[in-house]
>>> print(open('coords.cif').read())   # mmCIF, C-alpha atoms; chains and numbers go by the auth columns
data_structure
#
loop_
_atom_site.group_PDB
_atom_site.id
_atom_site.type_symbol
_atom_site.label_atom_id
_atom_site.label_comp_id
_atom_site.label_asym_id
_atom_site.label_seq_id
_atom_site.Cartn_x
_atom_site.Cartn_y
_atom_site.Cartn_z
_atom_site.B_iso_or_equiv
_atom_site.auth_seq_id
_atom_site.auth_asym_id
ATOM 1 C CA MET A 1 16.193 -23.595 -33.567 0.00 10 A
ATOM 2 C CA ILE A 2 12.853 -22.309 -32.185 0.00 11 A
ATOM 3 C CA PRO A 3 13.181 -20.060 -29.207 0.00 12 A
ATOM 4 C CA LEU A 4 11.714 -21.337 -25.939 0.00 13 A
ATOM 5 C CA GLU A 5 9.496 -18.258 -25.719 0.00 14 A
ATOM 6 C CA LEU A 6 7.725 -19.217 -28.989 0.00 15 A
ATOM 7 C CA VAL A 7 7.194 -22.797 -27.780 0.00 16 A
ATOM 8 C CA THR A 8 5.752 -21.507 -24.524 0.00 17 A
ATOM 9 C CA MET A 9 3.534 -19.039 -26.399 0.00 18 A
ATOM 10 C CA GLY A 10 2.307 -21.762 -28.777 0.00 19 A
ATOM 11 C CA ALA A 11 1.594 -24.192 -25.946 0.00 20 A
ATOM 12 C CA SER A 12 -0.254 -21.532 -23.929 0.00 21 A
ATOM 13 C CA PHE A 13 -2.238 -20.518 -27.034 0.00 22 A
ATOM 14 C CA ALA A 14 -3.263 -24.158 -27.657 0.00 23 A
ATOM 15 C CA LEU A 15 -4.171 -24.685 -23.998 0.00 24 A
ATOM 16 C CA ALA A 16 -6.180 -21.422 -23.887 0.00 25 A
ATOM 17 C CA SER A 17 -8.009 -22.408 -27.095 0.00 26 A
ATOM 18 C CA VAL A 18 -8.901 -25.842 -25.730 0.00 27 A
ATOM 19 C CA MET A 19 -10.057 -24.350 -22.433 0.00 28 A
ATOM 20 C CA LYS A 20 -12.196 -21.742 -24.271 0.00 29 A
ATOM 21 C CA LEU A 21 -13.816 -24.452 -26.425 0.00 30 A
ATOM 22 C CA TRP A 22 -14.445 -26.536 -23.325 0.00 31 A
ATOM 23 C CA ALA A 23 -16.040 -23.549 -21.556 0.00 32 A
ATOM 24 C CA MET A 24 -18.251 -22.885 -24.618 0.00 33 A
ATOM 25 C CA LYS A 25 -19.342 -26.521 -24.641 0.00 34 A
ATOM 26 C CA ILE A 26 -20.235 -26.360 -20.937 0.00 35 A
ATOM 27 C CA ALA A 27 -22.163 -23.095 -21.476 0.00 36 A
ATOM 28 C CA ALA A 28 -24.081 -24.641 -24.390 0.00 37 A
ATOM 29 C CA ARG A 29 -24.927 -27.699 -22.285 0.00 38 A
ATOM 30 C CA LYS A 30 -26.056 -25.424 -19.432 0.00 39 A
ATOM 31 C CA SER A 31 -28.357 -23.427 -21.711 0.00 40 A
ATOM 32 C CA GLN A 32 -29.734 -26.685 -23.145 0.00 41 A
ATOM 33 C CA MET A 33 -30.454 -27.964 -19.625 0.00 42 A
ATOM 34 C CA ASP A 34 -32.073 -24.634 -18.689 0.00 43 A
ATOM 35 C CA LEU A 35 -34.373 -24.887 -21.727 0.00 44 A
ATOM 36 C CA MET A 36 -35.168 -28.505 -20.890 0.00 45 A
ATOM 37 C CA ILE A 37 -36.002 -27.609 -17.286 0.00 46 A
ATOM 38 C CA ALA A 38 -38.218 -24.746 -18.472 0.00 47 A
ATOM 39 C CA GLY A 39 -40.054 -27.112 -20.833 0.00 48 A
ATOM 40 C CA LEU A 40 -40.501 -29.730 -18.132 0.00 49 A
ATOM 41 C CA THR A 41 -41.752 -27.090 -15.713 0.00 50 A
ATOM 42 C CA ALA A 42 -44.334 -25.918 -18.247 0.00 51 A
ATOM 43 C CA ARG A 43 -45.389 -29.516 -18.915 0.00 52 A
ATOM 44 C CA ARG A 44 -45.612 -30.212 -15.178 0.00 53 A
ATOM 45 C CA THR A 45 -47.797 -27.134 -14.669 0.00 54 A
ATOM 46 C CA THR A 46 -50.173 -28.339 -17.393 0.00 55 A
ATOM 47 C CA LYS A 47 -50.216 -31.822 -15.883 0.00 56 A
ATOM 48 C CA ASP A 48 -50.932 -30.436 -12.401 0.00 57 A
ATOM 49 C CA VAL A 49 -53.893 -28.484 -13.776 0.00 58 A
ATOM 50 C CA ASN A 50 -55.262 -31.606 -15.482 0.00 59 A
ATOM 51 C CA VAL A 51 -54.766 -33.753 -12.358 0.00 60 A
ATOM 52 C CA ALA A 52 -56.507 -31.159 -10.205 0.00 61 A
ATOM 53 C CA ALA A 53 -59.433 -31.061 -12.645 0.00 62 A
ATOM 54 C CA ALA A 54 -59.694 -34.876 -12.573 0.00 63 A
ATOM 55 C CA ARG A 55 -59.578 -34.989 -8.768 0.00 64 A
ATOM 56 C CA ASP A 56 -62.233 -32.308 -8.454 0.00 65 A
ATOM 57 C CA ASN A 57 -64.667 -34.332 -10.552 0.00 66 A
ATOM 58 C CA THR A 58 -67.958 -34.188 -8.644 0.00 67 A
ATOM 59 C CA ASN A 59 -70.072 -36.010 -11.213 0.00 68 A
ATOM 60 C CA LYS A 60 -72.415 -38.332 -9.289 0.00 69 A
ATOM 61 C CA GLY A 61 -72.732 -40.670 -12.270 0.00 70 A
ATOM 62 C CA PHE A 62 -69.001 -41.243 -12.305 0.00 71 A
ATOM 63 C CA SER A 63 -68.949 -42.203 -8.619 0.00 72 A
ATOM 64 C CA PHE A 64 -71.977 -44.470 -9.023 0.00 73 A
ATOM 65 C CA THR A 65 -70.442 -46.226 -12.045 0.00 74 A
ATOM 66 C CA ARG A 66 -67.212 -46.756 -10.138 0.00 75 A
ATOM 67 C CA ARG A 67 -69.074 -48.317 -7.216 0.00 76 A
ATOM 68 C CA ILE A 68 -71.031 -50.631 -9.526 0.00 77 A
ATOM 69 C CA ILE A 69 -67.842 -51.795 -11.261 0.00 78 A
ATOM 70 C CA ALA A 70 -66.148 -52.471 -7.906 0.00 79 A
ATOM 71 C CA LEU A 71 -69.137 -54.388 -6.509 0.00 80 A
ATOM 72 C CA VAL A 72 -69.678 -56.503 -9.626 0.00 81 A
ATOM 73 C CA SER A 73 -65.977 -57.318 -9.778 0.00 82 A
ATOM 74 C CA VAL A 74 -65.804 -58.341 -6.134 0.00 83 A
ATOM 75 C CA ILE A 75 -68.932 -60.475 -6.440 0.00 84 A
ATOM 76 C CA SER A 76 -67.742 -62.192 -9.610 0.00 85 A
ATOM 77 C CA ILE A 77 -64.184 -62.744 -8.365 0.00 86 A
ATOM 78 C CA VAL A 78 -64.935 -63.875 -4.809 0.00 87 A
ATOM 79 C CA ALA A 79 -68.563 -64.962 -4.513 0.00 88 A
ATOM 80 C CA VAL A 80 -69.075 -66.837 -7.787 0.00 89 A
ATOM 81 C CA PRO A 81 -66.123 -69.275 -7.388 0.00 90 A
ATOM 82 C CA ILE A 82 -67.147 -70.050 -3.795 0.00 91 A
ATOM 83 C CA LEU A 83 -70.823 -70.522 -4.645 0.00 92 A
ATOM 84 C CA ALA A 84 -69.969 -72.593 -7.727 0.00 93 A
ATOM 85 C CA SER A 85 -67.860 -74.967 -5.637 0.00 94 A
ATOM 86 C CA VAL A 86 -70.601 -75.277 -2.993 0.00 95 A
ATOM 87 C CA TYR A 87 -73.591 -75.825 -5.293 0.00 96 A
ATOM 88 C CA LEU A 88 -71.792 -77.597 -8.149 0.00 97 A
ATOM 89 C CA PRO A 89 -69.253 -79.965 -6.532 0.00 98 A
ATOM 90 C CA ASP A 90 -68.306 -81.519 -9.886 0.00 99 A
ATOM 91 C CA PHE A 91 -67.572 -78.102 -11.380 0.00 100 A
ATOM 92 C CA THR A 92 -64.143 -78.031 -13.044 0.00 101 A
ATOM 93 C CA LEU A 93 -62.241 -74.957 -14.029 0.00 102 A
ATOM 94 C CA SER A 94 -59.772 -74.906 -16.896 0.00 103 A
ATOM 95 C CA TYR A 95 -56.825 -72.737 -15.938 0.00 104 A
ATOM 96 C CA GLY A 96 -54.221 -71.665 -18.474 0.00 105 A
ATOM 97 C CA TRP A 97 -50.929 -69.893 -17.923 0.00 106 A
ATOM 98 C CA PHE A 98 -47.780 -69.122 -19.828 0.00 107 A
ATOM 99 C CA GLU A 99 -44.690 -71.051 -18.896 0.00 108 A
ATOM 100 C CA ASN A 100 -41.318 -69.868 -20.073 0.00 109 A
ATOM 101 C CA LYS A 101 -39.304 -72.560 -21.835 0.00 110 A
ATOM 102 C CA GLY A 102 -36.034 -70.719 -21.677 0.00 111 A
ATOM 103 C CA GLY A 103 -33.135 -70.939 -23.996 0.00 112 A
ATOM 104 C CA PHE A 104 -29.559 -71.347 -22.951 0.00 113 A
ATOM 105 C CA TRP A 105 -28.171 -67.896 -22.086 0.00 114 A
ATOM 106 C CA PHE A 106 -27.805 -65.926 -25.301 0.00 115 A
ATOM 107 C CA PHE A 107 -27.404 -68.970 -27.562 0.00 116 A
ATOM 108 C CA SER A 108 -31.127 -69.565 -28.092 0.00 117 A
ATOM 109 C CA ASP A 109 -34.322 -67.606 -27.527 0.00 118 A
ATOM 110 C CA ALA A 110 -36.794 -68.272 -24.757 0.00 119 A
ATOM 111 C CA LYS A 111 -40.297 -69.287 -25.797 0.00 120 A
ATOM 112 C CA ASP A 112 -43.558 -68.930 -23.893 0.00 121 A
ATOM 113 C CA VAL A 113 -45.630 -72.104 -23.932 0.00 122 A
ATOM 114 C CA MET A 114 -49.305 -72.129 -22.922 0.00 123 A
ATOM 115 C CA LYS A 115 -50.055 -74.755 -20.270 0.00 124 A
ATOM 116 C CA TYR A 116 -53.532 -75.841 -19.150 0.00 125 A
ATOM 117 C CA THR A 117 -54.763 -77.747 -16.146 0.00 126 A
ATOM 118 C CA LEU A 118 -58.183 -78.679 -14.773 0.00 127 A
ATOM 119 C CA LEU A 119 -58.948 -77.596 -11.231 0.00 128 A
ATOM 120 C CA GLU A 120 -61.789 -78.914 -9.100 0.00 129 A
ATOM 121 C CA GLY A 121 -63.447 -77.516 -6.001 0.00 130 A
ATOM 122 C CA MET A 122 -63.106 -74.000 -4.702 0.00 131 A
ATOM 123 C CA THR A 123 -60.410 -72.287 -6.729 0.00 132 A
ATOM 124 C CA ILE A 124 -59.248 -68.752 -6.252 0.00 133 A
ATOM 125 C CA LEU A 125 -56.351 -68.262 -8.596 0.00 134 A
ATOM 126 C CA PRO A 126 -53.554 -65.683 -8.523 0.00 135 A
ATOM 127 C CA PHE A 127 -55.348 -63.958 -11.392 0.00 136 A
ATOM 128 C CA HIS A 128 -58.385 -63.435 -9.175 0.00 137 A
ATOM 129 C CA THR A 129 -56.421 -62.056 -6.259 0.00 138 A
ATOM 130 C CA HIS A 130 -54.367 -59.704 -8.433 0.00 139 A
ATOM 131 C CA LEU A 131 -57.448 -58.390 -10.194 0.00 140 A
ATOM 132 C CA LEU A 132 -59.289 -57.952 -6.916 0.00 141 A
ATOM 133 C CA ALA A 133 -56.320 -56.116 -5.398 0.00 142 A
ATOM 134 C CA ALA A 134 -56.080 -53.810 -8.425 0.00 143 A
ATOM 135 C CA ILE A 135 -59.774 -52.962 -8.385 0.00 144 A
ATOM 136 C CA THR A 136 -59.815 -52.420 -4.640 0.00 145 A
ATOM 137 C CA GLY A 137 -56.733 -50.209 -4.872 0.00 146 A
ATOM 138 C CA LEU A 138 -58.254 -48.146 -7.656 0.00 147 A
ATOM 139 C CA TYR A 139 -61.530 -47.801 -5.782 0.00 148 A
ATOM 140 C CA PHE A 140 -60.045 -46.751 -2.452 0.00 149 A
ATOM 141 C CA GLY A 141 -57.057 -44.928 -3.954 0.00 150 A
ATOM 142 C CA LYS A 142 -59.131 -41.921 -4.932 0.00 151 A
ATOM 143 C CA ASP A 143 -60.158 -41.360 -1.312 0.00 152 A
ATOM 144 C CA VAL A 144 -56.586 -41.673 -0.049 0.00 153 A
ATOM 145 C CA ALA A 145 -55.326 -39.078 -2.567 0.00 154 A
ATOM 146 C CA LYS A 146 -57.547 -36.365 -1.042 0.00 155 A
#
>>> encode(input="coords.cif", output="structure tokens")
Amino acid sequence: MIPLELVTMGASFALASVMKLWAMKIAARKSQMDLMIAGLTARRTTKDVNVAAARDNTNKGFSFTRRIIALVSVISIVAVPILASVYLPDFTLSYGWFENKGGFWFFSDAKDVMKYTLLEGMTILPFHTHLLAAITGLYFGKDVAK
């Protein structure tokens, strides 16, 4: 029969070995995280330098081009549909959108089907408002970031 002291020694040896391996795994994970944080910090520093250089852009041509794009977009998105409906009352607009013809849960795939409709009169579509909001946000967003 094996003495109880040998069983205790074997069990404590196995437990100590498992704990040492576990500690080595945690130390390796910690050093991996430290390296990852150092890499992300270096990348963030480079990104901050690039963002600062882009924000400090004082090129007058860039600002003028941005203003022209914003004005032309606003005029074409807001003014043209209103003026077209006023001066051309029989003007029709063909509007297309994707409609999802869904499947049944995971048994069949959903398919996007293109639908069209003709609209008459003054039409400002969701596309127009979303595009106008995006352009306005991009135009005024630079001033807010200062």
>>> closest_atom_pairs(input="coords.cif", of="region 53-98 of chain A", to="region 102-126 of chain A", cutoff="12 Å", atoms="only C-alpha atoms", output="tab-separated table")
residue	atom	partner	partner_atom	distance
A:Pro90	CA	A:Leu102	CA	9.6
A:Ala93	CA	A:Leu102	CA	10.2
A:Ser94	CA	A:Leu102	CA	10.1
A:Leu97	CA	A:Leu102	CA	11.5
A:Pro98	CA	A:Leu102	CA	11.4
>>> resolve_selection(input="coords.cif", expression="the PyMOL selection byres ((chain A and resi 72-80) around 12)", output="MDAnalysis selection string")
chainID A and resid 64:71 81:88 140:149 151:152
>>> write_last_selection(input="coords.cif", atoms="C-alpha atoms", output="CSV table (one decimal), keeping the file's coordinate frame")
chain,number,residue,atom,x,y,z
A,64,ARG,CA,-59.6,-35.0,-8.8
A,65,ASP,CA,-62.2,-32.3,-8.5
A,66,ASN,CA,-64.7,-34.3,-10.6
A,67,THR,CA,-68.0,-34.2,-8.6
A,68,ASN,CA,-70.1,-36.0,-11.2
A,69,LYS,CA,-72.4,-38.3,-9.3
A,70,GLY,CA,-72.7,-40.7,-12.3
A,71,PHE,CA,-69.0,-41.2,-12.3
A,81,VAL,CA,-69.7,-56.5,-9.6
A,82,SER,CA,-66.0,-57.3,-9.8
A,83,VAL,CA,-65.8,-58.3,-6.1
A,84,ILE,CA,-68.9,-60.5,-6.4
A,85,SER,CA,-67.7,-62.2,-9.6
A,86,ILE,CA,-64.2,-62.7,-8.4
A,87,VAL,CA,-64.9,-63.9,-4.8
A,88,ALA,CA,-68.6,-65.0,-4.5
A,140,LEU,CA,-57.4,-58.4,-10.2
A,141,LEU,CA,-59.3,-58.0,-6.9
A,142,ALA,CA,-56.3,-56.1,-5.4
A,143,ALA,CA,-56.1,-53.8,-8.4
A,144,ILE,CA,-59.8,-53.0,-8.4
A,145,THR,CA,-59.8,-52.4,-4.6
A,146,GLY,CA,-56.7,-50.2,-4.9
A,147,LEU,CA,-58.3,-48.1,-7.7
A,148,TYR,CA,-61.5,-47.8,-5.8
A,149,PHE,CA,-60.0,-46.8,-2.5
A,151,LYS,CA,-59.1,-41.9,-4.9
A,152,ASP,CA,-60.2,-41.4,-1.3
>>> axis_aligned_box(input="coords.cif", around="region 115-124 of chain A", padding_each_side="6 Å", output="AutoDock Vina command-line options")
--center_x -38.7 --center_y -70.3 --center_z -24.2 --size_x 34.7 --size_y 20.8 --size_z 19.8
>>> atom_distance(input="coords.cif", atom1="CA of Lys29 (chain A)", atom2="CA of Pro12 (chain A)")
25.9 Å
>>> atom_distance(input="coords.cif", atom1="CA of Glu129 (chain A)", atom2="CA of Tyr96 (chain A)")
12.8 Å
